[in-house]
file data_14.pdb (PDB, C-alpha atoms and all ligand atoms)
ATOM      1  CA  MET A   1    -207.721 -18.560  15.975
ATOM      2  CA  GLN A   2    -211.318 -17.643  15.218
ATOM      3  CA  THR A   3    -212.960 -19.024  12.064
ATOM      4  CA  ILE A   4    -215.609 -16.510  10.999
ATOM      5  CA  ASN A   5    -218.254 -16.716   8.303
ATOM      6  CA  ARG A   6    -220.477 -13.684   8.982
ATOM      7  CA  LEU A   7    -219.367 -10.223   7.871
ATOM      8  CA  GLU A   8    -220.587  -8.532  11.037
ATOM      9  CA  ASP A   9    -218.488 -10.927  13.158
ATOM     10  CA  LEU A  10    -215.477 -10.279  10.956
ATOM     11  CA  ARG A  11    -215.774  -6.512  11.382
ATOM     12  CA  ASN A  12    -216.007  -6.877  15.165
ATOM     13  CA  ALA A  13    -213.045  -9.260  15.276
ATOM     14  CA  VAL A  14    -210.839  -6.995  13.125
ATOM     15  CA  ASP A  15    -211.832  -3.923  15.180
ATOM     16  CA  ALA A  16    -210.810  -5.823  18.324
ATOM     17  CA  LEU A  17    -207.452  -6.803  16.773
ATOM     18  CA  LYS A  18    -206.739  -3.155  15.923
ATOM     19  CA  ILE A  19    -207.276  -1.835  19.466
ATOM     20  CA  GLY A  20    -204.254   0.078  20.751
ATOM     21  CA  GLY A  21    -202.984   0.874  17.263
ATOM     22  CA  LYS A  22    -202.154  -2.746  16.426
ATOM     23  CA  THR A  23    -201.760  -3.581  12.736
ATOM     24  CA  VAL A  24    -203.364  -6.293  10.618
ATOM     25  CA  ALA A  25    -201.845  -8.114   7.640
ATOM     26  CA  PHE A  26    -204.169  -9.995   5.305
ATOM     27  CA  VAL A  27    -203.461 -13.157   3.279
ATOM     28  CA  PRO A  28    -206.258 -13.998   0.813
ATOM     29  CA  THR A  29    -206.329 -17.580  -0.497
ATOM     30  CA  MET A  30    -208.572 -20.158  -2.112
ATOM     31  CA  GLY A  31    -207.508 -22.806   0.412
ATOM     32  CA  ALA A  32    -205.852 -26.222  -0.152
ATOM     33  CA  LEU A  33    -202.967 -24.615   1.675
ATOM     34  CA  HIS A  34    -199.338 -25.513   1.006
ATOM     35  CA  GLU A  35    -195.939 -24.153   1.987
ATOM     36  CA  GLY A  36    -196.357 -21.221  -0.456
ATOM     37  CA  HIS A  37    -199.423 -19.978   1.433
ATOM     38  CA  LEU A  38    -197.783 -20.611   4.806
ATOM     39  CA  THR A  39    -194.770 -18.549   3.721
ATOM     40  CA  LEU A  40    -197.187 -15.654   3.060
ATOM     41  CA  VAL A  41    -198.621 -16.072   6.567
ATOM     42  CA  ARG A  42    -195.122 -16.058   8.116
ATOM     43  CA  GLU A  43    -194.184 -12.949   6.145
ATOM     44  CA  ALA A  44    -197.480 -11.353   7.251
ATOM     45  CA  ARG A  45    -196.686 -12.090  10.887
ATOM     46  CA  ALA A  46    -193.295 -10.459  10.501
ATOM     47  CA  ARG A  47    -194.926  -7.271   9.173
ATOM     48  CA  ALA A  48    -197.940  -6.779  11.418
ATOM     49  CA  SER A  49    -199.279  -7.420  14.917
ATOM     50  CA  HIS A  50    -201.996  -9.807  13.672
ATOM     51  CA  VAL A  51    -202.738 -11.928  10.618
ATOM     52  CA  VAL A  52    -206.152 -12.413   9.017
ATOM     53  CA  ALA A  53    -206.314 -15.100   6.299
ATOM     54  CA  SER A  54    -209.257 -15.820   4.031
ATOM     55  CA  ILE A  55    -210.358 -18.953   2.227
ATOM     56  CA  PHE A  56    -212.907 -18.437  -0.524
ATOM     57  CA  VAL A  57    -213.065 -20.409  -3.778
ATOM     58  CA  ASN A  58    -214.341 -17.517  -5.856
ATOM     59  CA  PRO A  59    -216.754 -18.703  -8.594
ATOM     60  CA  ARG A  60    -216.425 -15.424 -10.515
ATOM     61  CA  GLN A  61    -212.795 -16.105 -11.409
ATOM     62  CA  PHE A  62    -213.453 -19.546 -12.924
ATOM     63  CA  GLY A  63    -214.487 -19.878 -16.576
ATOM     64  CA  PRO A  64    -217.457 -22.106 -17.552
ATOM     65  CA  ASN A  65    -215.191 -25.056 -18.470
ATOM     66  CA  GLU A  66    -212.689 -24.633 -15.658
ATOM     67  CA  ASP A  67    -212.122 -26.578 -12.442
ATOM     68  CA  LEU A  68    -214.482 -24.786  -9.992
ATOM     69  CA  ASP A  69    -216.139 -28.048  -8.898
ATOM     70  CA  ALA A  70    -212.898 -30.054  -8.800
ATOM     71  CA  TYR A  71    -210.931 -27.335  -6.946
ATOM     72  CA  PRO A  72    -209.708 -28.902  -3.655
ATOM     73  CA  ARG A  73    -211.687 -27.840  -0.569
ATOM     74  CA  ARG A  74    -210.517 -28.840   2.907
ATOM     75  CA  LEU A  75    -211.415 -26.133   5.360
ATOM     76  CA  ALA A  76    -210.756 -28.040   8.604
ATOM     77  CA  ALA A  77    -207.203 -29.075   7.659
ATOM     78  CA  ASP A  78    -206.474 -25.569   6.330
ATOM     79  CA  ALA A  79    -207.758 -23.966   9.540
ATOM     80  CA  ALA A  80    -205.416 -26.179  11.588
ATOM     81  CA  LEU A  81    -202.442 -25.116   9.446
ATOM     82  CA  LEU A  82    -203.314 -21.417   9.797
ATOM     83  CA  GLU A  83    -203.758 -21.739  13.534
ATOM     84  CA  ALA A  84    -200.365 -23.444  13.852
ATOM     85  CA  GLU A  85    -198.805 -20.490  11.970
ATOM     86  CA  GLY A  86    -200.318 -18.027  14.432
ATOM     87  CA  ALA A  87    -203.089 -16.482  12.304
ATOM     88  CA  ALA A  88    -205.638 -14.663  14.484
ATOM     89  CA  VAL A  89    -208.695 -14.909  12.226
ATOM     90  CA  LEU A  90    -209.786 -17.103   9.322
ATOM     91  CA  TRP A  91    -212.444 -15.387   7.194
ATOM     92  CA  ALA A  92    -214.350 -18.096   5.298
ATOM     93  CA  PRO A  93    -217.467 -16.552   3.725
ATOM     94  CA  THR A  94    -220.033 -18.482   1.715
ATOM     95  CA  VAL A  95    -220.756 -17.744  -1.950
ATOM     96  CA  ASP A  96    -224.181 -16.319  -0.985
ATOM     97  CA  GLN A  97    -222.598 -13.910   1.468
ATOM     98  CA  MET A  98    -220.086 -12.699  -1.087
ATOM     99  CA  TYR A  99    -222.565 -12.428  -3.948
ATOM    100  CA  PRO A 100    -226.082 -12.168  -2.511
ATOM    101  CA  HIS A 101    -229.138 -12.194  -4.750
ATOM    102  CA  GLY A 102    -229.037  -9.022  -6.873
ATOM    103  CA  TYR A 103    -225.268  -8.610  -6.742
ATOM    104  CA  ALA A 104    -224.369  -6.550  -9.853
ATOM    105  CA  THR A 105    -220.936  -4.918  -9.574
ATOM    106  CA  ASN A 106    -217.796  -5.856 -11.477
ATOM    107  CA  ILE A 107    -214.278  -4.427 -11.289
ATOM    108  CA  SER A 108    -212.309  -4.599 -14.503
ATOM    109  CA  VAL A 109    -208.694  -3.446 -14.761
ATOM    110  CA  SER A 110    -207.925  -2.872 -18.433
ATOM    111  CA  GLY A 111    -204.550  -3.341 -20.129
ATOM    112  CA  VAL A 112    -202.629  -5.438 -17.619
ATOM    113  CA  SER A 113    -205.645  -7.813 -17.319
ATOM    114  CA  GLU A 114    -205.989  -8.394 -21.039
ATOM    115  CA  VAL A 115    -202.765 -10.257 -21.883
ATOM    116  CA  ALA A 116    -201.191 -13.589 -20.848
ATOM    117  CA  CYS A 117    -203.593 -15.372 -18.435
ATOM    118  CA  GLY A 118    -206.196 -12.671 -19.111
ATOM    119  CA  ALA A 119    -206.272 -13.573 -22.814
ATOM    120  CA  ALA A 120    -206.334 -17.313 -22.046
ATOM    121  CA  ARG A 121    -208.996 -17.041 -19.297
ATOM    122  CA  PRO A 122    -211.563 -14.393 -20.336
ATOM    123  CA  GLY A 123    -213.172 -12.731 -17.307
ATOM    124  CA  HIS A 124    -210.773 -14.375 -14.845
ATOM    125  CA  PHE A 125    -209.081 -11.191 -13.676
ATOM    126  CA  ASP A 126    -212.382  -9.281 -13.414
ATOM    127  CA  GLY A 127    -213.379 -11.986 -10.957
ATOM    128  CA  VAL A 128    -210.089 -11.672  -9.079
ATOM    129  CA  ALA A 129    -210.150  -7.845  -8.936
ATOM    130  CA  THR A 130    -213.776  -7.836  -7.817
ATOM    131  CA  VAL A 131    -213.323 -10.363  -5.021
ATOM    132  CA  VAL A 132    -210.039  -8.861  -3.818
ATOM    133  CA  CYS A 133    -211.601  -5.382  -3.671
ATOM    134  CA  LYS A 134    -214.490  -6.823  -1.660
ATOM    135  CA  LEU A 135    -212.116  -8.741   0.635
ATOM    136  CA  PHE A 136    -210.057  -5.575   1.201
ATOM    137  CA  ASN A 137    -213.213  -3.646   2.128
ATOM    138  CA  GLN A 138    -214.364  -6.440   4.414
ATOM    139  CA  VAL A 139    -211.062  -6.915   6.272
ATOM    140  CA  ARG A 140    -209.626  -3.359   5.907
ATOM    141  CA  PRO A 141    -206.044  -4.518   6.521
ATOM    142  CA  ASP A 142    -202.909  -2.414   6.867
ATOM    143  CA  PHE A 143    -200.977  -4.853   4.658
ATOM    144  CA  ALA A 144    -201.939  -7.515   2.127
ATOM    145  CA  LEU A 145    -199.626 -10.257   0.921
ATOM    146  CA  PHE A 146    -199.708 -12.057  -2.416
ATOM    147  CA  GLY A 147    -197.405 -14.618  -4.017
ATOM    148  CA  GLU A 148    -195.235 -13.645  -6.952
ATOM    149  CA  LYS A 149    -196.192 -17.015  -8.463
ATOM    150  CA  ASP A 150    -199.333 -15.169  -9.634
ATOM    151  CA  TRP A 151    -197.305 -12.219 -10.937
ATOM    152  CA  GLN A 152    -200.018 -10.867 -13.232
ATOM    153  CA  GLN A 153    -202.582 -11.030 -10.424
ATOM    154  CA  LEU A 154    -200.251  -9.009  -8.186
ATOM    155  CA  ALA A 155    -199.703  -6.387 -10.917
ATOM    156  CA  ILE A 156    -203.478  -6.103 -11.435
ATOM    157  CA  ILE A 157    -204.225  -5.738  -7.727
ATOM    158  CA  ARG A 158    -201.581  -3.017  -7.398
ATOM    159  CA  ARG A 159    -203.043  -1.199 -10.441
ATOM    160  CA  MET A 160    -206.530  -1.449  -8.934
ATOM    161  CA  ALA A 161    -205.372  -0.174  -5.514
ATOM    162  CA  ARG A 162    -203.648   2.769  -7.183
ATOM    163  CA  ASP A 163    -206.538   3.575  -9.522
ATOM    164  CA  LEU A 164    -209.234   3.341  -6.832
ATOM    165  CA  ASP A 165    -207.153   5.244  -4.218
ATOM    166  CA  LEU A 166    -207.492   2.349  -1.794
ATOM    167  CA  THR A 167    -206.144   3.055   1.671
ATOM    168  CA  GLN A 168    -206.788  -0.253   3.432
ATOM    169  CA  PRO A 169    -204.392  -1.419   2.216
ATOM    170  CA  HIS A 170    -202.531   1.388   0.456
ATOM    171  CA  VAL A 171    -200.805   0.213  -2.745
ATOM    172  CA  SER A 172    -197.399   0.590  -1.058
ATOM    173  CA  ASN A 173    -198.485  -2.026   1.500
ATOM    174  CA  ILE A 174    -199.449  -4.650  -1.072
ATOM    175  CA  ILE A 175    -196.507  -6.976  -0.649
ATOM    176  CA  GLY A 176    -195.302  -9.564  -3.168
ATOM    177  CA  VAL A 177    -193.631 -12.682  -1.749
ATOM    178  CA  GLU A 178    -191.134 -14.686  -3.793
ATOM    179  CA  THR A 179    -192.392 -17.940  -5.316
ATOM    180  CA  VAL A 180    -191.815 -20.992  -3.112
ATOM    181  CA  ARG A 181    -190.567 -23.977  -5.129
ATOM    182  CA  GLU A 182    -189.991 -27.682  -4.652
ATOM    183  CA  ALA A 183    -186.325 -28.789  -4.708
ATOM    184  CA  SER A 184    -186.982 -29.771  -8.358
ATOM    185  CA  GLY A 185    -187.772 -26.134  -9.189
ATOM    186  CA  LEU A 186    -191.525 -26.764  -9.606
ATOM    187  CA  ALA A 187    -193.495 -23.804  -8.177
ATOM    188  CA  LEU A 188    -195.838 -24.959  -5.413
ATOM    189  CA  SER A 189    -199.481 -24.694  -6.480
ATOM    190  CA  SER A 190    -202.740 -26.171  -5.238
ATOM    191  CA  ARG A 191    -203.259 -27.425  -8.796
ATOM    192  CA  ASN A 192    -200.103 -29.591  -8.636
ATOM    193  CA  GLN A 193    -202.412 -32.111  -6.955
ATOM    194  CA  TYR A 194    -203.948 -32.809 -10.346
ATOM    195  CA  LEU A 195    -200.589 -34.262 -11.512
ATOM    196  CA  THR A 196    -199.540 -37.916 -11.472
ATOM    197  CA  GLU A 197    -196.089 -38.709 -10.062
ATOM    198  CA  ARG A 198    -194.661 -38.898 -13.603
ATOM    199  CA  GLU A 199    -196.275 -35.606 -14.657
ATOM    200  CA  ARG A 200    -194.896 -33.923 -11.539
ATOM    201  CA  GLU A 201    -191.367 -34.970 -12.526
ATOM    202  CA  GLN A 202    -191.953 -33.727 -16.072
ATOM    203  CA  ALA A 203    -193.439 -30.459 -14.754
ATOM    204  CA  ALA A 204    -190.101 -29.661 -13.094
ATOM    205  CA  GLY A 205    -188.757 -29.214 -16.636
ATOM    206  CA  LEU A 206    -190.742 -25.979 -16.940
ATOM    207  CA  SER A 207    -188.656 -23.926 -14.529
ATOM    208  CA  ALA A 208    -185.423 -25.412 -15.912
ATOM    209  CA  ALA A 209    -186.453 -24.419 -19.455
ATOM    210  CA  MET A 210    -187.351 -20.917 -18.234
ATOM    211  CA  ARG A 211    -183.952 -20.486 -16.593
ATOM    212  CA  ARG A 212    -182.241 -21.473 -19.864
ATOM    213  CA  ALA A 213    -184.329 -18.951 -21.814
ATOM    214  CA  ILE A 214    -183.486 -16.212 -19.293
ATOM    215  CA  SER A 215    -179.740 -16.908 -19.579
ATOM    216  CA  ALA A 216    -180.045 -16.721 -23.359
ATOM    217  CA  ILE A 217    -181.976 -13.413 -23.265
ATOM    218  CA  GLU A 218    -179.612 -11.883 -20.694
ATOM    219  CA  SER A 219    -176.662 -12.939 -22.887
ATOM    220  CA  GLY A 220    -178.113 -11.067 -25.860
ATOM    221  CA  ALA A 221    -180.124 -13.729 -27.759
ATOM    222  CA  SER A 222    -183.067 -12.357 -29.757
ATOM    223  CA  VAL A 223    -186.244 -12.445 -27.664
ATOM    224  CA  PRO A 224    -188.433 -14.146 -30.338
ATOM    225  CA  GLN A 225    -185.762 -16.806 -30.868
ATOM    226  CA  ALA A 226    -185.320 -17.460 -27.142
ATOM    227  CA  LEU A 227    -189.105 -17.717 -26.691
ATOM    228  CA  GLY A 228    -189.340 -20.088 -29.674
ATOM    229  CA  SER A 229    -186.718 -22.373 -28.093
ATOM    230  CA  LEU A 230    -188.513 -22.100 -24.742
ATOM    231  CA  ASN A 231    -191.794 -23.284 -26.311
ATOM    232  CA  ALA A 232    -189.989 -26.266 -27.865
ATOM    233  CA  ASP A 233    -188.215 -27.071 -24.571
ATOM    234  CA  ILE A 234    -191.499 -27.032 -22.609
ATOM    235  CA  ILE A 235    -193.092 -29.470 -25.050
ATOM    236  CA  ALA A 236    -189.925 -31.638 -24.968
ATOM    237  CA  ALA A 237    -190.206 -31.732 -21.163
ATOM    238  CA  GLY A 238    -193.599 -33.482 -21.525
ATOM    239  CA  PHE A 239    -196.170 -30.657 -21.533
ATOM    240  CA  ALA A 240    -199.082 -31.087 -23.959
ATOM    241  CA  SER A 241    -199.301 -27.414 -24.947
ATOM    242  CA  VAL A 242    -198.074 -23.928 -24.122
ATOM    243  CA  ASP A 243    -200.788 -21.279 -23.562
ATOM    244  CA  TYR A 244    -198.190 -18.510 -23.697
ATOM    245  CA  ALA A 245    -194.491 -17.917 -23.066
ATOM    246  CA  ASP A 246    -193.934 -14.152 -23.068
ATOM    247  CA  LEU A 247    -191.325 -11.605 -22.046
ATOM    248  CA  ARG A 248    -193.153  -8.618 -20.547
ATOM    249  CA  ASP A 249    -192.553  -5.386 -18.645
ATOM    250  CA  ALA A 250    -192.619  -6.352 -14.957
ATOM    251  CA  ALA A 251    -195.237  -3.726 -13.973
ATOM    252  CA  THR A 252    -197.364  -2.957 -17.033
ATOM    253  CA  LEU A 253    -197.032  -6.402 -18.645
ATOM    254  CA  GLU A 254    -196.522  -4.800 -22.060
ATOM    255  CA  ALA A 255    -194.737  -7.187 -24.437
ATOM    256  CA  ILE A 256    -190.980  -6.781 -24.831
ATOM    257  CA  GLU A 257    -189.589  -7.595 -28.296
ATOM    258  CA  THR A 258    -186.040  -6.371 -27.644
ATOM    259  CA  PHE A 259    -184.396  -6.777 -24.266
ATOM    260  CA  THR A 260    -182.202  -3.824 -23.302
ATOM    261  CA  GLY A 261    -181.789  -4.488 -19.575
ATOM    262  CA  GLN A 262    -185.201  -3.116 -18.536
ATOM    263  CA  SER A 263    -187.087  -4.680 -15.585
ATOM    264  CA  ALA A 264    -188.773  -7.626 -17.276
ATOM    265  CA  ARG A 265    -190.582 -10.833 -16.432
ATOM    266  CA  LEU A 266    -190.726 -14.121 -18.294
ATOM    267  CA  LEU A 267    -194.273 -15.464 -17.885
ATOM    268  CA  VAL A 268    -195.445 -18.926 -18.931
ATOM    269  CA  ALA A 269    -198.634 -20.997 -18.766
ATOM    270  CA  ALA A 270    -198.594 -24.573 -20.033
ATOM    271  CA  ARG A 271    -200.786 -27.656 -19.795
ATOM    272  CA  ILE A 272    -199.768 -31.079 -18.533
ATOM    273  CA  GLY A 273    -202.211 -33.869 -17.700
ATOM    274  CA  ALA A 274    -205.251 -32.333 -16.008
ATOM    275  CA  ALA A 275    -203.356 -29.227 -14.891
ATOM    276  CA  ARG A 276    -202.687 -25.808 -16.350
ATOM    277  CA  LEU A 277    -199.544 -24.573 -14.595
ATOM    278  CA  ILE A 278    -198.199 -21.022 -14.501
ATOM    279  CA  ASP A 279    -194.755 -19.760 -13.616
ATOM    280  CA  ASN A 280    -192.751 -16.549 -13.972
ATOM    281  CA  MET A 281    -189.224 -15.336 -13.285
ATOM    282  CA  GLY A 282    -187.400 -12.014 -13.326
ATOM    283  CA  VAL A 283    -185.146 -11.080 -16.233
ATOM    284  CA  GLY A 284    -182.563  -8.323 -16.028
ATOM    285  CA  PRO A 285    -181.931  -6.124 -12.955
ATOM    286  CA  LYS A 286    -183.205  -7.768  -9.782
TER     287      LYS A 286
HETATM  288  N1  LIG A 301    -195.575 -21.313  -4.696
HETATM  289  C1  LIG A 301    -196.029 -20.185  -4.172
HETATM  290  N2  LIG A 301    -195.173 -19.292  -3.637
HETATM  291  C2  LIG A 301    -195.628 -18.118  -3.116
HETATM  292  N3  LIG A 301    -196.938 -17.773  -3.065
HETATM  293  C3  LIG A 301    -197.804 -18.629  -3.575
HETATM  294  C4  LIG A 301    -197.421 -19.875  -4.153
HETATM  295  N4  LIG A 301    -198.540 -20.516  -4.578
HETATM  296  C5  LIG A 301    -199.585 -19.713  -4.307
HETATM  297  N5  LIG A 301    -199.145 -18.576  -3.707
HETATM  298  C6  LIG A 301    -199.960 -17.431  -3.325
HETATM  299  O1  LIG A 301    -200.953 -17.796  -2.402
HETATM  300  C7  LIG A 301    -202.084 -16.945  -2.568
HETATM  301  C8  LIG A 301    -203.306 -17.790  -2.709
HETATM  302  O2  LIG A 301    -203.195 -18.555  -3.895
HETATM  303  P1  LIG A 301    -204.137 -19.769  -4.248
HETATM  304  O3  LIG A 301    -204.962 -20.110  -3.076
HETATM  305  O4  LIG A 301    -204.779 -19.563  -5.559
HETATM  306  O5  LIG A 301    -203.076 -20.946  -4.363
HETATM  307  P2  LIG A 301    -202.378 -21.539  -5.603
HETATM  308  O6  LIG A 301    -201.465 -22.603  -5.136
HETATM  309  O7  LIG A 301    -201.842 -20.402  -6.429
HETATM  310  O8  LIG A 301    -203.549 -22.235  -6.328
HETATM  311  P3  LIG A 301    -203.778 -22.410  -7.847
HETATM  312  O9  LIG A 301    -203.373 -23.791  -8.091
HETATM  313  O10 LIG A 301    -205.224 -22.107  -7.889
HETATM  314  O11 LIG A 301    -202.964 -21.409  -8.607
HETATM  315  C9  LIG A 301    -201.809 -16.108  -3.815
HETATM  316  O12 LIG A 301    -201.318 -14.843  -3.415
HETATM  317  C10 LIG A 301    -200.751 -16.908  -4.504
HETATM  318  O13 LIG A 301    -199.917 -16.130  -5.352
HETATM  319  C1  LIG A 302    -206.297 -13.643  -4.677
HETATM  320  C2  LIG A 302    -207.343 -14.757  -4.675
HETATM  321  C3  LIG A 302    -207.494 -15.297  -3.267
HETATM  322  C4  LIG A 302    -208.684 -14.150  -5.106
HETATM  323  O1  LIG A 302    -209.664 -15.122  -5.138
HETATM  324  C5  LIG A 302    -206.953 -15.874  -5.655
HETATM  325  O2  LIG A 302    -206.938 -15.427  -6.962
HETATM  326  C6  LIG A 302    -205.688 -16.576  -5.279
HETATM  327  O3  LIG A 302    -205.774 -17.406  -4.405
HETATM  328  O4  LIG A 302    -204.615 -16.286  -5.848
HETATM  329  N1  LIG A 303    -203.884 -18.457  -7.805
HETATM  330  C1  LIG A 303    -204.684 -18.073  -8.943
HETATM  331  C2  LIG A 303    -206.118 -18.377  -8.766
HETATM  332  C3  LIG A 303    -206.752 -18.990  -9.974
HETATM  333  O1  LIG A 303    -206.061 -19.582 -10.810
HETATM  334  O2  LIG A 303    -207.970 -18.923 -10.098
END
call {"tool": "encode", "arguments": {"input": "data_14.pdb", "output": "structure tokens", "more": "lines below"}}
Ligand SMILES: Nc1ncnc2c1ncn2[C@@H]1O[C@H](COP(=O)(O)OP(=O)(O)OP(=O)(O)O)[C@@H](O)[C@H]1O
Ligand SMILES: CC(C)(CO)[C@@H](O)C(=O)[O-]
Ligand code: BAL
result
Amino acid sequence: MQTINRLEDLRNAVDALKIGGKTVAFVPTMGALHEGHLTLVREARARASHVVASIFVNPRQFGPNEDLDAYPRRLAADAALLEAEGAAVLWAPTVDQMYPHGYATNISVSGVSEVACGAARPGHFDGVATVVCKLFNQVRPDFALFGEKDWQQLAIIRRMARDLDLTQPHVSNIIGVETVREASGLALSSRNQYLTEREREQAAGLSAAMRRAISAIESGASVPQALGSLNADIIAAGFASVDYADLRDAATLEAIETFTGQSARLLVAARIGAARLIDNMGVGPK
């Protein structure tokens, strides 16, 4: 595997990978890799001839009081994991390369970016859309893979690809991969490292509470009532606060007040210890 940190070298490497009509699948990450990321790489390998992964802790998607400085960075260990999974190229640009002096362009996807995590983290999804658009233009992959753990992010990237007529990748080749969980049900996340052992056990209560709320909604309970009980259950599990616990349309993320079997997603963000954890699950037809 080649680790590359100059754009010109990346372009040459990707051109070489594509010789003979070979395909490239791209897995963007912020590093601190875990089994969730590695599952994306395996899925990418199954879909394309070669895999390009990126590691870039993107300052534009962190708010002023968020964990940009504390975010775990361990490039050498991550590179070894990617190499063992058969990735061909690791693209690891610096902040100055991504946003050189004078950089002035922002991509903002309205609607789907404005609710849930977008309301709780102003500017976050502009930062995500902007960096992902740049990464797509830099790598020009045939496929790109994202985790469903970040469901709203995936919906925003698909909206952006559709709206901007992106072809590398085309929106139909932006692939969502099911959330990888610990045996306890806790969704794997780089930010789980901020949890103590006790908080990690308590955090497992989040997915259990979500599953109970989904059963209630699918059995006909009123959505506001089920979400009220879910909030209480999350706090009872040991979380300090709930940023949001919403039932939303799976694609547009519009709020759903009455569940009538439509394709819906239960999305939650809640705080425990030093971590803000997110999770989401499907409701209704799978
Ligand atoms: N548990 C998981 N299952 C599947 N995909 C995942 C999982 N965790 C992260 N991913 C995906 O990996 C990609 C890179 O995510 P990122 O590097 O931000 O990791 P993360 O664990 O989500 O970190 P964070 O703690 O910042 O949310 C994203 O597409 C994300 O959705
Ligand atoms: C997609 C992404 C790599 C953009 O920085 C990031 O938001 C992430 O890791 O989910
Ligand atoms: N995986 C989402 C990236 C973020 O929280 O900034």
call {"tool": "closest_residue", "arguments": {"input": "data_14.pdb", "among": "A:Ser172, A:Gln97, A:Thr3, A:Ser54", "to": "ligand LIG 302 (chain A)", "atoms": "only C-alpha atoms and all ligand atoms"}}
result
A:Ser54
call {"tool": "closest_residue", "arguments": {"input": "data_14.pdb", "among": "A:Val24, A:Val131, A:Leu154, A:Ile217", "to": "ligand LIG 301 (chain A)", "atoms": "all atoms listed in the file"}}
result
A:Leu154
call {"tool": "resolve_selection", "arguments": {"input": "data_14.pdb", "expression": "the PyMOL selection byres (((chain A and resi 213) around 12) and not hetatm)", "output": "ChimeraX atom specification"}}
result
/A:206-212,214-234,245-247,265-268,280-283
call {"tool": "residues_near_point", "arguments": {"input": "data_14.pdb", "point": "(-219.2, -17.0, 0.9)", "cutoff": "12 Å", "atoms": "all atoms listed in the file", "output": "NGL selection string"}}
result
:A and (4-7 or 30 or 54-60 or 91-100 or 131 or 134-135)
call {"tool": "axis_aligned_box", "arguments": {"input": "data_14.pdb", "around": "ligand LIG 301 (chain A)", "padding_each_side": "3 Å", "output": "lines of an AutoDock Vina configuration file"}}
result
center_x = -200.2
center_y = -19.3
center_z = -5.5
size_x = 16.1
size_y = 14.9
size_z = 12.2
call {"tool": "closest_atom_pairs", "arguments": {"input": "data_14.pdb", "of": "chain A", "to": "ligand LIG 303 (chain A)", "cutoff": "8 Å", "atoms": "only C-alpha atoms and all ligand atoms", "output": "CSV"}}
result
residue,atom,partner,partner_atom,distance
A:Thr29,CA,A:LIG303,N1,7.8
A:Met30,CA,A:LIG303,C2,7.3
A:Asn58,CA,A:LIG303,O2,7.8
A:Gln61,CA,A:LIG303,O2,5.7
A:Phe62,CA,A:LIG303,O2,6.2
A:His124,CA,A:LIG303,O2,7.1
A:Val128,CA,A:LIG303,O2,7.6
A:Lys149,CA,A:LIG303,N1,7.9
A:Asp150,CA,A:LIG303,N1,5.9
A:Gln153,CA,A:LIG303,C1,7.5
A:Ser189,CA,A:LIG303,N1,7.7
call {"tool": "resolve_selection", "arguments": {"input": "data_14.pdb", "expression": "the PyMOL selection byres (((not hetatm)) within 9 of (chain A and resi 301))", "output": "ChimeraX atom specification"}}
result
/A:27-40,55-57,71,145-151,153-154,176-182,186-193,275-278
call {"tool": "write_last_selection", "arguments": {"input": "data_14.pdb", "atoms": "C-alpha atoms", "output": "compact mmCIF listing (two decimals), in the frame of the given file"}}
result
# COMPACT_ATOMS: atom_id res chain seq x y z
CA VAL A 27 -203.46 -13.16 3.28
CA PRO A 28 -206.26 -14.00 0.81
CA THR A 29 -206.33 -17.58 -0.50
CA MET A 30 -208.57 -20.16 -2.11
CA GLY A 31 -207.51 -22.81 0.41
CA ALA A 32 -205.85 -26.22 -0.15
CA LEU A 33 -202.97 -24.62 1.68
CA HIS A 34 -199.34 -25.51 1.01
CA GLU A 35 -195.94 -24.15 1.99
CA GLY A 36 -196.36 -21.22 -0.46
CA HIS A 37 -199.42 -19.98 1.43
CA LEU A 38 -197.78 -20.61 4.81
CA THR A 39 -194.77 -18.55 3.72
CA LEU A 40 -197.19 -15.65 3.06
CA ILE A 55 -210.36 -18.95 2.23
CA PHE A 56 -212.91 -18.44 -0.52
CA VAL A 57 -213.06 -20.41 -3.78
CA TYR A 71 -210.93 -27.34 -6.95
CA LEU A 145 -199.63 -10.26 0.92
CA PHE A 146 -199.71 -12.06 -2.42
CA GLY A 147 -197.40 -14.62 -4.02
CA GLU A 148 -195.24 -13.64 -6.95
CA LYS A 149 -196.19 -17.02 -8.46
CA ASP A 150 -199.33 -15.17 -9.63
CA TRP A 151 -197.30 -12.22 -10.94
CA GLN A 153 -202.58 -11.03 -10.42
CA LEU A 154 -200.25 -9.01 -8.19
CA GLY A 176 -195.30 -9.56 -3.17
CA VAL A 177 -193.63 -12.68 -1.75
CA GLU A 178 -191.13 -14.69 -3.79
CA THR A 179 -192.39 -17.94 -5.32
CA VAL A 180 -191.82 -20.99 -3.11
CA ARG A 181 -190.57 -23.98 -5.13
CA GLU A 182 -189.99 -27.68 -4.65
CA LEU A 186 -191.52 -26.76 -9.61
CA ALA A 187 -193.50 -23.80 -8.18
CA LEU A 188 -195.84 -24.96 -5.41
CA SER A 189 -199.48 -24.69 -6.48
CA SER A 190 -202.74 -26.17 -5.24
CA ARG A 191 -203.26 -27.42 -8.80
CA ASN A 192 -200.10 -29.59 -8.64
CA GLN A 193 -202.41 -32.11 -6.96
CA ALA A 275 -203.36 -29.23 -14.89
CA ARG A 276 -202.69 -25.81 -16.35
CA LEU A 277 -199.54 -24.57 -14.60
CA ILE A 278 -198.20 -21.02 -14.50
call {"tool": "residues_around", "arguments": {"input": "data_14.pdb", "residues": "Ile272 (chain A)", "least_positions_apart": "5", "cutoff": "7 Å", "atoms": "only C-alpha atoms", "output": "list in words"}}
result
Glu199, Phe239 and Ala240 of chain A
call {"tool": "atom_distance", "arguments": {"input": "data_14.pdb", "atom1": "CA of Ala25 (chain A)", "atom2": "CA of Asp163 (chain A)"}}
result
21.3 Å
call {"tool": "atom_distance", "arguments": {"input": "data_14.pdb", "atom1": "CA of Glu8 (chain A)", "atom2": "CA of Ser49 (chain A)"}}
result
21.7 Å
